[in-house]
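Colleague: I'm passing along entry.txt; it holds compact mmCIF, C-alpha atoms.
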# COMPACT_ATOMS: atom_id res chain seq x y z
CA MET A 10 0.00 0.00 0.00
CA THR A 11 1.40 3.42 -0.96
CA ARG A 12 2.29 5.65 1.95
CA CYS A 13 0.19 8.80 2.15
CA PRO A 14 2.47 11.79 2.87
CA THR A 15 -0.42 13.42 4.73
CA CYS A 16 -1.94 10.60 6.77
CA ASP A 17 1.12 8.38 7.46
CA ASP A 18 4.41 9.11 9.20
CA GLU A 19 7.85 8.77 7.64
CA GLN A 20 8.02 5.07 8.57
CA GLY A 21 4.70 4.43 6.82
CA PHE A 22 2.68 3.94 10.00
CA HIS A 23 -0.80 5.44 10.21
CA VAL A 24 -1.13 8.67 12.16
CA VAL A 25 -3.94 8.02 14.65
CA PHE A 26 -4.45 11.62 15.78
CA PHE A 27 -2.63 14.95 15.80
CA ASN A 28 -3.11 18.47 17.11
CA TRP A 29 -4.86 20.46 14.38
CA LYS A 30 -4.30 23.80 16.12
CA THR A 31 -0.59 23.12 16.50
CA ALA A 32 -0.35 22.09 12.85
CA HIS A 33 -1.81 25.46 11.87
CA ASN A 34 0.40 27.47 14.20
CA ARG A 35 3.70 25.59 13.83
CA SER A 36 3.48 25.26 10.04
CA THR A 37 6.36 22.84 9.37
CA PRO A 38 6.37 21.23 5.88
CA GLU A 39 4.57 18.20 7.36
CA ASP A 40 2.05 20.46 9.10
CA ARG A 41 1.36 22.41 5.92
CA ARG A 42 0.70 19.21 3.98
CA ARG A 43 -1.89 18.16 6.54
CA VAL A 44 -3.55 21.54 6.84
CA ASN A 45 -3.76 21.95 3.06
CA ARG A 46 -4.81 18.41 2.18
CA ILE A 47 -7.19 17.41 4.97
CA ILE A 48 -10.34 19.08 3.72
CA PHE A 49 -13.55 19.93 5.58
CA GLN A 50 -16.51 17.75 4.57
CA GLN A 51 -19.43 18.53 6.86
CA LYS A 52 -20.46 19.71 10.31
CA LEU A 53 -21.62 16.89 12.60
CA LYS A 54 -23.66 16.83 15.80
CA PHE A 55 -20.45 17.71 17.61
CA GLY A 56 -17.27 18.45 15.69
CA ALA A 57 -16.87 17.93 11.95
CA SER A 58 -15.78 15.36 9.39
CA TYR A 59 -12.80 15.87 7.10
CA GLN A 60 -11.13 13.87 4.32
CA CYS A 61 -7.62 13.69 2.90
CA ALA A 62 -7.57 15.01 -0.67
CA TYR A 63 -4.60 12.73 -1.46
CA CYS A 64 -5.78 9.29 -0.26
CA GLU A 65 -9.42 9.92 0.82
CA GLN A 66 -8.70 8.90 4.39
CA ASN A 67 -11.51 10.12 6.69
CA TRP A 68 -10.83 12.30 9.74
CA PHE A 69 -12.85 13.77 12.61
CA LEU A 70 -12.09 17.14 14.24
CA ASP A 71 -13.37 17.44 17.79
CA GLU A 72 -15.84 20.08 18.96
CA GLN A 73 -13.04 22.27 20.31
CA GLY A 74 -11.32 22.30 16.92
CA GLU A 75 -8.17 20.96 18.57
CA ILE A 76 -7.50 17.27 17.86
CA MET A 77 -7.90 15.58 14.49
CA HIS A 78 -8.75 11.87 14.84
CA ARG A 79 -8.30 9.22 12.17
CA VAL A 80 -11.58 7.48 11.24
CA ASP A 81 -11.01 3.98 9.93
CA GLN A 82 -13.33 2.46 7.38
CA GLU A 83 -15.11 0.25 9.92
CA THR A 84 -15.94 3.25 12.13
CA GLN A 85 -16.93 5.68 9.37
CA GLU A 86 -20.54 4.47 9.23
CA ARG A 87 -20.76 4.45 13.02
CA LEU A 88 -19.60 8.08 13.07
CA HIS A 89 -22.49 9.20 10.88
CA VAL A 90 -25.08 7.08 12.69
CA TRP A 91 -23.86 8.65 15.95
CA SER A 92 -24.15 12.15 14.48
CA GLU A 93 -27.72 11.56 13.31
CA SER A 94 -28.89 10.00 16.61
CA LYS A 95 -30.24 11.72 19.67
CA LEU A 96 -28.58 9.94 22.58
CA ASP A 97 -30.14 11.15 25.80
CA PHE A 98 -31.53 9.63 29.01
CA ASP A 99 -35.15 9.15 29.97
CA GLN A 100 -36.18 10.31 33.44
CA GLU A 101 -35.84 6.88 35.07
CA GLN A 102 -32.34 6.42 33.65
CA PHE A 103 -31.35 9.91 34.72
CA ASP A 104 -32.44 9.27 38.30
CA VAL A 105 -30.15 6.21 38.40
CA ILE A 106 -27.09 7.95 37.00
CA ARG A 107 -27.55 10.80 39.50
CA SER A 108 -27.29 8.26 42.31
CA ILE A 109 -24.17 6.61 40.80
CA ARG A 110 -22.37 9.93 40.24
CA ALA A 111 -19.86 10.44 37.49
CA THR A 112 -16.12 10.93 37.34
CA GLY A 113 -14.16 12.95 34.81
CA ALA A 114 -10.52 13.15 33.78
CA ASP A 115 -7.59 12.09 35.94
CA GLN A 116 -5.07 14.63 37.18
CA TYR A 117 -3.05 14.27 33.97
CA GLY A 118 -6.02 15.04 31.73
CA ASN A 119 -6.67 11.47 30.58
CA GLY A 120 -10.40 11.11 29.93
CA ARG A 121 -10.91 14.84 29.41
CA GLY A 122 -14.23 15.65 27.75
CA HIS A 123 -15.95 12.51 29.04
CA LEU A 124 -18.11 11.84 32.07
CA HIS A 125 -17.75 8.21 33.18
CA LEU A 126 -20.59 6.31 34.85
CA PRO A 127 -19.81 2.66 35.73
CA CYS A 128 -23.02 0.69 36.07
CA CYS A 129 -25.08 -2.33 35.00
CA VAL A 130 -26.90 -2.13 31.65
CA THR A 131 -29.65 -4.12 29.99
CA THR A 132 -30.00 -3.42 26.28
CA ARG A 133 -33.15 -3.35 24.19
CA SER A 134 -32.03 -6.61 22.58
CA GLY A 135 -31.96 -8.32 25.99
CA GLU A 136 -28.21 -8.37 26.66
CA ARG A 137 -27.22 -7.67 30.25
CA PHE A 138 -23.81 -6.29 31.21
CA GLU A 139 -23.00 -6.34 34.93
CA LYS A 140 -20.05 -4.06 34.17
CA ALA A 141 -20.75 -1.31 31.65
CA MET A 142 -19.45 2.23 31.18
CA LEU A 143 -21.76 5.06 30.22
CA LEU A 144 -19.93 7.92 28.53
CA ILE A 145 -21.46 11.39 28.36
CA THR A 146 -19.36 13.11 25.75
CA LYS A 147 -19.11 15.15 22.56
CA MET A 148 -16.72 12.56 21.12
CA PRO A 149 -18.08 9.96 18.68
CA PRO A 150 -17.47 6.23 19.22
CA ILE A 151 -14.34 6.08 17.06
CA GLU A 152 -11.64 5.81 19.74
CA TYR A 153 -9.55 2.86 18.59
CA TRP A 154 -8.57 1.59 22.05
CA ARG A 155 -12.07 1.05 23.42
CA GLY A 156 -13.69 -2.34 23.76
CA PRO A 157 -17.24 -3.13 22.61
CA VAL A 158 -19.06 0.08 21.66
CA PHE A 159 -22.79 0.85 21.68
CA LEU A 160 -24.89 3.96 21.23
CA GLY A 161 -26.98 5.11 24.18
CA ASN A 162 -30.27 4.53 22.37
CA SER A 163 -29.60 0.78 22.63
CA VAL A 164 -30.00 0.97 26.43
CA LEU A 165 -33.28 -0.21 27.96
CA ARG A 166 -32.42 -0.11 31.66
CA ILE A 167 -29.59 1.25 33.81
CA GLU A 168 -28.95 -0.11 37.31
CA GLU A 169 -26.28 0.34 39.93
CA SER A 170 -23.70 -2.45 39.65
CA ILE A 171 -22.45 -4.43 42.62
CA TYR A 172 -18.98 -4.15 41.05
CA THR A 173 -18.88 -0.34 40.88
CA LEU A 174 -16.46 1.27 43.31
CA ASN A 175 -17.97 3.98 45.47
CA HIS A 176 -17.57 7.55 44.26
CA GLU A 177 -14.91 8.52 46.82
CA VAL A 178 -12.68 5.60 45.81
CA ARG A 179 -13.11 6.40 42.13
CA LEU A 180 -12.17 10.03 42.68
CA GLN A 181 -9.11 9.06 44.74
CA ALA A 182 -7.94 6.64 42.04
CA LEU A 183 -8.12 9.41 39.43
CA GLN A 184 -5.90 11.61 41.58
CA ALA A 185 -3.19 8.96 42.00
CA ASP A 186 0.35 10.06 41.18
CA GLU A 187 2.22 8.23 38.46
CA MET A 188 5.06 6.37 40.15
CA LYS A 189 6.92 4.63 37.32
CA SER A 190 6.22 2.96 33.98
CA GLY A 191 2.68 4.30 33.95
CA LEU A 192 1.89 2.74 37.36
CA MET A 193 -0.61 4.90 39.27
CA PRO A 194 -1.46 2.91 42.43
CA THR A 195 -4.25 3.69 44.86
CA LEU A 196 -4.25 1.87 48.19
CA VAL A 197 -7.69 0.57 49.22
CA VAL A 198 -8.93 -1.79 51.90
CA SER A 199 -11.77 -4.29 51.92
CA GLN A 200 -14.32 -4.44 54.72
CA ASP A 201 -12.62 -7.62 55.96
CA GLY A 202 -9.25 -5.86 56.28
CA ARG A 203 -7.42 -6.87 53.10
CA TYR A 204 -5.37 -4.23 51.26
CA PHE A 205 -5.06 -3.81 47.51
CA ASP A 206 -3.46 -1.40 45.06
CA LEU A 207 -5.73 -0.28 42.25
CA HIS A 208 -4.04 0.27 38.91
CA GLY A 209 -6.21 0.98 35.89
CA SER A 210 -9.18 -0.08 38.00
CA GLU A 211 -10.75 3.23 38.93
CA SER A 212 -14.32 2.10 38.19
CA PHE A 213 -14.96 -1.55 39.11
CA PHE A 214 -13.64 -4.13 41.57
CA ASP A 215 -14.09 -7.89 41.16
CA HIS A 216 -11.46 -10.00 42.91
CA GLU A 217 -11.54 -13.15 45.06
CA GLY A 218 -15.21 -12.74 45.92
CA LEU A 219 -14.88 -9.05 46.74
CA ARG A 220 -16.93 -6.53 44.81
CA GLY A 221 -16.90 -2.77 44.45
CA LYS A 222 -19.26 -2.23 47.37
CA ASP A 223 -16.79 -4.05 49.66
CA ILE A 224 -13.90 -1.65 48.95
CA LEU A 225 -13.10 1.47 50.98
CA LEU A 226 -10.37 4.05 51.30
CA PRO A 227 -8.26 3.37 54.40
CA THR A 228 -8.58 6.00 57.10
CA GLN A 229 -5.48 7.85 58.20
CA SER A 230 -5.79 6.35 61.68
CA ALA A 231 -5.91 2.88 60.14
CA LEU A 232 -2.76 3.62 58.15
CA ASP A 233 -1.07 4.94 61.29
CA ASN A 234 -2.03 2.02 63.51
CA ILE A 235 -2.34 -1.02 61.25
CA LYS A 236 0.60 -2.63 59.53
CA VAL A 237 -0.19 -2.38 55.82
CA PRO A 238 1.45 -5.04 53.64
CA THR A 239 4.49 -3.57 51.89
CA LYS A 240 3.34 -5.12 48.65
CA ALA A 241 -0.43 -5.21 48.39
CA PRO A 242 -1.79 -7.15 45.40
CA VAL A 243 -2.16 -4.95 42.32
CA ILE A 244 -5.64 -5.05 40.77
CA ALA A 245 -5.82 -4.06 37.11
CA GLU A 246 -9.17 -4.17 35.33
CA ASP A 247 -9.06 -5.09 31.62
CA THR A 248 -11.01 -2.10 30.32
CA SER A 249 -11.00 -3.49 26.77
CA LEU A 250 -13.62 -6.02 27.93
CA ILE A 251 -16.02 -3.41 29.33
CA PRO A 252 -18.65 -2.17 26.85
CA ALA A 253 -18.96 1.58 26.40
CA PHE A 254 -22.36 3.21 25.81
CA TYR A 255 -22.21 6.68 24.27
CA PHE A 256 -24.62 9.43 25.34
CA ASP A 257 -24.70 13.07 24.24
CA TRP A 258 -23.15 15.82 26.33
CA PHE A 259 -25.84 18.15 27.66
CA ASP A 260 -25.98 21.45 29.53
CA GLY A 261 -25.53 20.90 33.24
CA CYS A 262 -24.24 17.33 32.99
CA GLU A 263 -21.17 18.28 35.04
CA SER A 264 -23.49 18.41 38.07
CA LEU A 265 -23.33 14.61 38.02
CA LEU A 266 -19.73 14.92 39.23
CA SER A 267 -20.65 16.50 42.54
CA PHE A 268 -24.17 15.32 43.35
CA VAL A 269 -24.41 14.21 46.97
CA ARG A 270 -26.81 11.44 47.92
Starting from the file, lay out its structure as structure tokens.
Modeller:
Amino acid sequence: MTRCPTCDDEQGFHVVFFNWKTAHNRSTPEDRRRVNRIIFQQKLKFGASYQCAYCEQNWFLDEQGEIMHRVDQETQERLHVWSESKLDFDQEQFDVIRSIRATGADQYGNGRGHLHLPCCVTTRSGERFEKAMLLITKMPPIEYWRGPVFLGNSVLRIEESIYTLNHEVRLQALQADEMKSGLMPTLVVSQDGRYFDLHGSESFFDHEGLRGKDILLPTQSALDNIKVPTKAPVIAEDTSLIPAFYFDWFDGCESLLSFVR
């Protein structure tokens, strides 16, 4: 396959995303090729679609006009279905997500522009997912690293999941400092006194019979008076197995971050 000088790097690998604003402002030869050849196609529900004039590769520019995302052939149709769909919650669903409470980005900005709501979902086709992630976002379902993807209008019922970590634990996990090699541990304790380090598991817990509801943040007095194992087991959730359900961003949705039961 011929390398596209606009959409591929010098080694011939596909460019997955790049900063559109920086490309405009920096204006290196590579930047100018992209700015001049990636052409606006149409405005979408949020953001806009673009296409490379050289190879016809499809691109999506986010609502902020900042990041250009590659749209592969298998996600191109999904992009347009998403744009043409109204993906909102009915009143019963909204009452449930208010009780779950959402989280946003971590302290490094990962997850920015998304509200995350870990829950249990039953779809209109009868599938039930005990671990599911609702995303309230202006981004379309084209992010290459996600697992199974659904649009919000496929959801029949939303329930709290027994595997969802409580809101305080989820918030603490998102504020964890990166230690080394991407490791961002958060020390937690189960109700029966066992300690664990969360890593990449800031939403659900399912380990050795323990579930999210069983997991707490250790109190300072507990840390001062109880000997914590020097090497607590590291719990890492495989997020690629958790289905993501996309819902539209709406005015006031950030209130779901701070709602108090």
Colleague: For A:Gly221, find every residue with an atom within 8 Å (counting all atoms listed in the file), except residues of its own chain fewer than 2 positions away, and show them as a PyMOL selection string.
Modeller: chain A and resi 171-175+213-215+219+223-224
Colleague: Of the residues A:Asp17, A:Glu168, A:Asp206, A:Glu86, which is the one nearest to A:Phe103, using all atoms listed in the file?
Modeller: A:Glu168
Colleague: Tell me which residues come within 10 Å of (-10.9, -2.8, 17.2), as a list in words, counting all atoms listed in the file in the file's coordinates.
Modeller: Asp81, Glu83, Thr84, Ile151, Glu152, Tyr153, Trp154, Arg155, Gly156, Pro157, Val158 and Ser249 of chain A
Colleague: Using only C-alpha atoms, please write the residues we just selected to a file, as a CSV table (one decimal), in the frame of the given file.
Modeller:
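Once everything was written out, this is out05.csv:
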chain,number,residue,atom,x,y,z
A,81,ASP,CA,-11.0,4.0,9.9
A,83,GLU,CA,-15.1,0.2,9.9
A,84,THR,CA,-15.9,3.2,12.1
A,151,ILE,CA,-14.3,6.1,17.1
A,152,GLU,CA,-11.6,5.8,19.7
A,153,TYR,CA,-9.6,2.9,18.6
A,154,TRP,CA,-8.6,1.6,22.0
A,155,ARG,CA,-12.1,1.0,23.4
A,156,GLY,CA,-13.7,-2.3,23.8
A,157,PRO,CA,-17.2,-3.1,22.6
A,158,VAL,CA,-19.1,0.1,21.7
A,249,SER,CA,-11.0,-3.5,26.8
Colleague: Neighbouring residues of A:Arg42 were defined as those with any atom within 8 Å, considering all atoms listed in the file; residues of the same chain fewer than 4 positions away were excluded. Please report them as a PDB file with C-alpha atoms, in the coordinates of the input.
Modeller:
ATOM      1  CA  PRO A  14       2.470  11.790   2.870  1.00  0.00           C
ATOM      2  CA  THR A  15      -0.420  13.420   4.730  1.00  0.00           C
ATOM      3  CA  PRO A  38       6.370  21.230   5.880  1.00  0.00           C
ATOM      4  CA  ARG A  46      -4.810  18.410   2.180  1.00  0.00           C
TER       5      ARG A  46
END
Colleague: Just give me the gap between atom CA of A:Cys61 and atom CA of A:Phe27 in Å, one decimal is fine.
Modeller: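 Going from atom CA of A:Cys61 over to atom CA of A:Phe27 covers 13.9 Å.
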Colleague: A:Arg107, A:Arg137, A:Arg179, A:Lys240: which is nearest A:Ser264, counting all atoms listed in the file?
Modeller: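 Closest to A:Ser264 of all the choices is A:Arg107.
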Colleague: Quick one: distance from atom CA of A:Arg166 to atom CA of A:His216 in Å, one decimal?
Modeller: 25.8 Å
Colleague: Determine the nearest neighbour of A:Trp91 from the options A:Ile109, A:Met148, A:Leu124, A:Cys129, counting all atoms listed in the file.
Modeller: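 Closest to A:Trp91, using all atoms listed in the file: A:Met148.
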Colleague: Quick one: pull the distance between atom CA of A:Pro194 and atom CA of A:Tyr255, Å, one decimal.
Modeller: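 Answer for the atom CA of A:Pro194 to atom CA of A:Tyr255 separation: 27.8 Å.
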Colleague: Between A:Glu75, A:Glu65, A:Glu246, A:Asp186, single out the one closest to A:Ser212, counting all atoms listed in the file.
Modeller: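 Nearest candidate to A:Ser212 out of A:Glu75, A:Glu65, A:Glu246, A:Asp186: A:Glu246.
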Colleague: My list of candidates is A:Ser92, A:Gln66, A:Asn28, A:Ser108. Which is closest to A:His176 when distances are computed with all atoms listed in the file?
Modeller: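 Ranking A:Ser92, A:Gln66, A:Asn28, A:Ser108 by distance to A:His176, first place goes to A:Ser108.
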Colleague: With distances taken over all atoms listed in the file, which residue among A:Cys16, A:Ile244, A:Ala185, A:His123 lies nearest A:Phe205?
Modeller: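 Of all the options, A:Ile244 lies closest to A:Phe205.
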Colleague: List the spatial neighbours of A:Asn119 as a list in words - criterion: any atom at most 12 Å away, only C-alpha atoms, same-chain residues fewer than 6 positions off excluded.
Modeller: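 After dropping sequence-adjacent residues, the list is Thr112, Gly113, His125, Leu183, Gln184 and Gly209 of chain A.
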Colleague: Report as a compact mmCIF listing (two decimals) with C-alpha atoms, in the coordinates of the input all protein, DNA and RNA residues lying within 12 Å of A:Phe55, evaluated on all atoms listed in the file, omitting residues in the same chain fewer than 5 positions from it.
Modeller:
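Saved file out.txt follows:
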# COMPACT_ATOMS: atom_id res chain seq x y z
CA PHE A 69 -12.85 13.77 12.61
CA LEU A 70 -12.09 17.14 14.24
CA ASP A 71 -13.37 17.44 17.79
CA GLU A 72 -15.84 20.08 18.96
CA GLN A 73 -13.04 22.27 20.31
CA GLY A 74 -11.32 22.30 16.92
CA LEU A 88 -19.60 8.08 13.07
CA HIS A 89 -22.49 9.20 10.88
CA TRP A 91 -23.86 8.65 15.95
CA SER A 92 -24.15 12.15 14.48
CA GLU A 93 -27.72 11.56 13.31
CA SER A 94 -28.89 10.00 16.61
CA LYS A 95 -30.24 11.72 19.67
CA THR A 146 -19.36 13.11 25.75
CA LYS A 147 -19.11 15.15 22.56
CA MET A 148 -16.72 12.56 21.12
CA PRO A 149 -18.08 9.96 18.68
CA PRO A 150 -17.47 6.23 19.22
CA ASP A 257 -24.70 13.07 24.24
CA TRP A 258 -23.15 15.82 26.33
CA PHE A 259 -25.84 18.15 27.66
Colleague: Counting all atoms listed in the file, what is within 10 Å of A:Asn45, bar same-chain residues fewer than 2 positions away, as JSON, numbers by chain?
Modeller: {"A": [15, 33, 40, 41, 42, 43, 47, 48, 61, 62]}
